Amino acid sequence: QEPSNKRVRPLARVTSLANLISPVRNGAVRRFGQTIQSFALRSDSKSPGCAQKSCSRSAAPTPPKRRNSVLWSEMLDVNMKESLSTKEIKRQEAIYEMSRGEQDLIEDLKLARKAYHDPMLKLSIMSEEELNHIFGDLDSYIPLHEDLLASLGEAKKPDGTVEQIGPILVKWLPRLHAYKGYCSNQLAAKALLDQKKQDRRVQDFLQRCLESPFSRKLDLWSFLDIPRSRLVKYPLLLKEILRHTPKDHPDIQILEEAITIIQGVLSDINLKKGESECQYYIDKLEYLDEKQKDPRIEGSKALLCHGELKNKNGHKLYVFLFQDILVLTRPVTRNERQAYQVYRQPIPIQELLLEDLQDGDVKMGGSFRGAFGNSDKAKNIFRVRFQDPSPGQSHTLQANDVFHKQQWVNCIRTA
């Protein structure tokens, strides 16, 4: 999901690069598994936080603005423009768009180091360890993108056109696997950055940067998230180039191969990122009783959905649906760090019974009037419990709205 000031669309999926924002609020449900591509394309919708890309408002600045909006065709002389077909001009525009995007990305990566990382280190606003955790090896990707930019420049003919781009991309795209570690660390990096913003010196420095012209009104996280935004754009750029490439052009098959390669790269990054985010939340679980510990939690590799719900008494719970077990927790703060205290006994998926309750439904729970606030009847509720009634454990849960409820119900049914 691209950065946005709006709330994220319901159930953002966590395995995607998109779900990088801090845990969802307001009962949002986050869902894991959405691909990077789809996450990026749905950024403008309102979504509950089913993804890590859950979305706090502060975490969603507007997308970077283009510095230079000049089109490729605007740089041609009249004679040259008349010698090219409309289709070829559009193809060259798409290739130029990719080249310009690489140049912008390189500039932003250098800016992140020069304007944020280095000054904060020099002024001791953050420690080197903290900065390394937040920025990762961000600037190490500069040579990677400079190589593509140089190859595109070498392929450009004297008249400014590029005959073939396919072979360059097929050779270069597999190198994007290098982003696995960076993308996997983004959830933890964002959490640390949010924590450090409580420090007045950090807050003051970042605010001054935001008000400076070089930031283009983007906050630090926008710059740190730019690589992910770029990754999700590659399939769209390649498909646009392919769309304007003649059927008999030698690039056709090679571009199709390039699209397959980038989709595979993004899939691998999503998988790695999903595992990393799953472990991130497992590490934040606290147990009041040893009996609550279940090997299915520690062994989880996928977090299917998570978000805030209310129980029958109106208390806020934060619920995690791992691949094999449902865990209800209470959010707590430990030394300014978010943690999740496990509430009651986790319910293995194999032993879970789901009931989709109607608004105002009273079966098995007595009257719910007043249980969820001042409304006459409880809305958007469902129940989860052990199939075997002997544990005697049942949880009636309320979602933020009917859409979030349906997302939860669908997620649990699918699991």
# chains A, B, ... in the order shown; residues from 1 in each chain; ligands from 1
>>> residues_around(residues="A:Arg296", least_positions_apart="2", cutoff="9 Å", atoms="only C-alpha atoms", output="number ranges by chain")
A: 293-294, 298-300, 322-325, 348
>>> residues_around(residues="A:Leu220", least_positions_apart="3", cutoff="10 Å", atoms="only C-alpha atoms", output="VMD selection string")
chain A and resid 59 61 112 115 to 117 193 206 to 207 209 to 210 215 217 223 to 225
>>> write_last_selection(atoms="C-alpha atoms", output="CSV table (one decimal), in the first residue's frame")
chain,number,residue,atom,x,y,z
A,59,ALA,CA,2.4,6.7,9.2
A,61,PRO,CA,2.3,10.7,4.3
A,112,ALA,CA,18.0,9.9,3.5
A,115,ALA,CA,19.8,14.9,5.5
A,116,TYR,CA,18.6,12.5,8.2
A,117,HIS,CA,21.0,9.7,9.2
A,193,LEU,CA,11.1,5.2,14.9
A,206,LEU,CA,12.2,15.6,12.2
A,207,GLN,CA,9.8,18.5,12.3
A,209,CYS,CA,13.3,18.6,8.3
A,210,LEU,CA,9.6,18.3,7.3
A,215,SER,CA,11.8,17.1,2.2
A,217,LYS,CA,6.7,17.8,2.7
A,223,PHE,CA,11.9,8.3,2.5
A,224,LEU,CA,12.6,5.0,4.3
A,225,ASP,CA,9.5,3.5,2.5
>>> select_by_dssp(residues="stretch 61-219 of chain A", states="helix (DSSP H, G or I)", output="PyMOL selection string")
chain A and resi 72-75+78-83+86-122+128-135+138-155+166-184+186-196+200-210+213-215
>>> closest_residue(among="A:Phe205, A:Phe382, A:Tyr287, A:Tyr281", to="A:Cys305", atoms="only C-alpha atoms")
A:Tyr281
>>> atom_distance(atom1="atom CA of A:Pro174", atom2="atom CA of A:Pro250")
20.9 Å
>>> select_by_dssp(residues="stretch 195-381 of chain A", states="strand (DSSP E)", output="PyMOL selection string")
chain A and resi 285-286+303-310+316-322+325-334+337-342+347-348+352-356+381
>>> write_last_selection(atoms="C-alpha atoms", output="PDB file, in the first residue's frame")
ATOM      1  CA  LEU A 285       3.490 -12.015  23.417  1.00  0.00           C
ATOM      2  CA  GLU A 286       3.466 -12.298  27.220  1.00  0.00           C
ATOM      3  CA  LEU A 303       0.043 -14.309  10.518  1.00  0.00           C
ATOM      4  CA  LEU A 304      -3.237 -14.451   8.625  1.00  0.00           C
ATOM      5  CA  CYS A 305      -5.002 -11.583  10.329  1.00  0.00           C
ATOM      6  CA  HIS A 306      -4.711  -9.349  13.388  1.00  0.00           C
ATOM      7  CA  GLY A 307      -6.424  -6.331  14.826  1.00  0.00           C
ATOM      8  CA  GLU A 308      -8.460  -4.812  17.626  1.00  0.00           C
ATOM      9  CA  LEU A 309     -11.820  -6.215  18.738  1.00  0.00           C
ATOM     10  CA  LYS A 310     -13.990  -5.744  21.847  1.00  0.00           C
ATOM     11  CA  LYS A 316     -10.447  -3.924  23.996  1.00  0.00           C
ATOM     12  CA  LEU A 317      -8.589  -7.032  22.897  1.00  0.00           C
ATOM     13  CA  TYR A 318      -5.940  -7.423  20.235  1.00  0.00           C
ATOM     14  CA  VAL A 319      -6.483 -10.662  18.363  1.00  0.00           C
ATOM     15  CA  PHE A 320      -3.964 -12.628  16.290  1.00  0.00           C
ATOM     16  CA  LEU A 321      -4.985 -15.323  13.833  1.00  0.00           C
ATOM     17  CA  PHE A 322      -1.866 -17.369  13.149  1.00  0.00           C
ATOM     18  CA  ILE A 325      -4.102 -20.991  16.277  1.00  0.00           C
ATOM     19  CA  LEU A 326      -6.177 -17.978  17.400  1.00  0.00           C
ATOM     20  CA  VAL A 327      -4.649 -15.892  20.194  1.00  0.00           C
ATOM     21  CA  LEU A 328      -6.560 -13.208  22.111  1.00  0.00           C
ATOM     22  CA  THR A 329      -4.441 -10.641  23.941  1.00  0.00           C
ATOM     23  CA  ARG A 330      -4.611  -7.406  25.890  1.00  0.00           C
ATOM     24  CA  PRO A 331      -2.279  -4.645  24.671  1.00  0.00           C
ATOM     25  CA  VAL A 332       0.124  -3.482  27.388  1.00  0.00           C
ATOM     26  CA  THR A 333       3.091  -1.115  27.539  1.00  0.00           C
ATOM     27  CA  ARG A 334       6.417  -2.262  28.977  1.00  0.00           C
ATOM     28  CA  ARG A 337       7.358  -0.679  24.310  1.00  0.00           C
ATOM     29  CA  GLN A 338       4.177  -2.303  23.060  1.00  0.00           C
ATOM     30  CA  ALA A 339       3.521  -5.858  24.221  1.00  0.00           C
ATOM     31  CA  TYR A 340       0.548  -8.233  24.101  1.00  0.00           C
ATOM     32  CA  GLN A 341      -0.555 -10.118  27.206  1.00  0.00           C
ATOM     33  CA  VAL A 342      -2.210 -13.394  26.230  1.00  0.00           C
ATOM     34  CA  ILE A 347      -7.740 -21.724  20.530  1.00  0.00           C
ATOM     35  CA  PRO A 348      -6.150 -24.079  17.946  1.00  0.00           C
ATOM     36  CA  LEU A 352     -12.221 -23.719  16.967  1.00  0.00           C
ATOM     37  CA  LEU A 353     -15.925 -23.213  16.388  1.00  0.00           C
ATOM     38  CA  LEU A 354     -17.029 -19.945  14.743  1.00  0.00           C
ATOM     39  CA  GLU A 355     -20.522 -18.501  15.089  1.00  0.00           C
ATOM     40  CA  ASP A 356     -21.622 -15.593  12.923  1.00  0.00           C
ATOM     41  CA  ILE A 381     -20.611  -9.480  16.606  1.00  0.00           C
TER      42      ILE A 381
END
>>> residues_around(residues="A:Glu257", least_positions_apart="5", cutoff="12 Å", atoms="only C-alpha atoms", output="CSV table (one decimal) with N, CA and C atoms, in the first residue's frame")
chain,number,residue,atom,x,y,z
A,166,GLY,N,14.6,-5.2,-22.8
A,166,GLY,CA,14.3,-6.5,-22.2
A,166,GLY,C,15.6,-7.2,-21.7
A,167,PRO,N,16.6,-7.4,-22.5
A,167,PRO,CA,17.8,-8.1,-22.0
A,167,PRO,C,18.4,-7.4,-20.8
A,168,ILE,N,18.4,-6.1,-20.7
A,168,ILE,CA,18.9,-5.4,-19.6
A,168,ILE,C,18.1,-5.7,-18.3
A,169,LEU,N,16.8,-5.8,-18.4
A,169,LEU,CA,16.0,-6.0,-17.3
A,169,LEU,C,16.1,-7.5,-16.8
A,170,VAL,N,16.1,-8.4,-17.7
A,170,VAL,CA,16.2,-9.8,-17.3
A,170,VAL,C,17.5,-10.1,-16.6
A,171,LYS,N,18.5,-9.4,-16.9
A,171,LYS,CA,19.8,-9.6,-16.2
A,171,LYS,C,19.8,-8.8,-14.9
A,173,LEU,N,16.9,-7.5,-12.9
A,173,LEU,CA,15.8,-7.7,-11.9
A,173,LEU,C,16.1,-8.7,-10.8
A,174,PRO,N,16.8,-9.9,-11.1
A,174,PRO,CA,17.1,-10.8,-10.0
A,174,PRO,C,17.9,-10.2,-8.8
A,235,PRO,N,6.4,-4.1,-11.7
A,235,PRO,CA,5.5,-4.9,-12.6
A,235,PRO,C,4.7,-4.0,-13.5
A,238,LEU,N,6.8,-2.4,-16.3
A,238,LEU,CA,7.2,-3.4,-17.3
A,238,LEU,C,5.9,-3.7,-18.2
A,239,LYS,N,4.8,-3.8,-17.6
A,239,LYS,CA,3.6,-4.1,-18.3
A,239,LYS,C,3.2,-2.9,-19.2
A,242,LEU,N,5.5,-3.2,-22.2
A,242,LEU,CA,5.1,-4.3,-23.0
A,242,LEU,C,3.9,-4.0,-23.8
A,251,ASP,N,11.7,-7.5,-28.2
A,251,ASP,CA,11.6,-7.4,-26.8
A,251,ASP,C,10.4,-8.1,-26.2
A,252,ILE,N,9.4,-8.5,-27.1
A,252,ILE,CA,8.2,-9.0,-26.6
A,252,ILE,C,8.4,-10.2,-25.6
A,262,ILE,N,10.2,-10.5,-12.0
A,262,ILE,CA,9.9,-9.5,-10.9
A,262,ILE,C,8.8,-10.0,-10.1
A,263,GLN,N,7.8,-10.7,-10.6
A,263,GLN,CA,6.7,-11.2,-9.8
A,263,GLN,C,7.3,-12.3,-8.8
A,264,GLY,N,8.2,-13.1,-9.3
A,264,GLY,CA,8.8,-14.1,-8.4
A,264,GLY,C,9.7,-13.4,-7.3
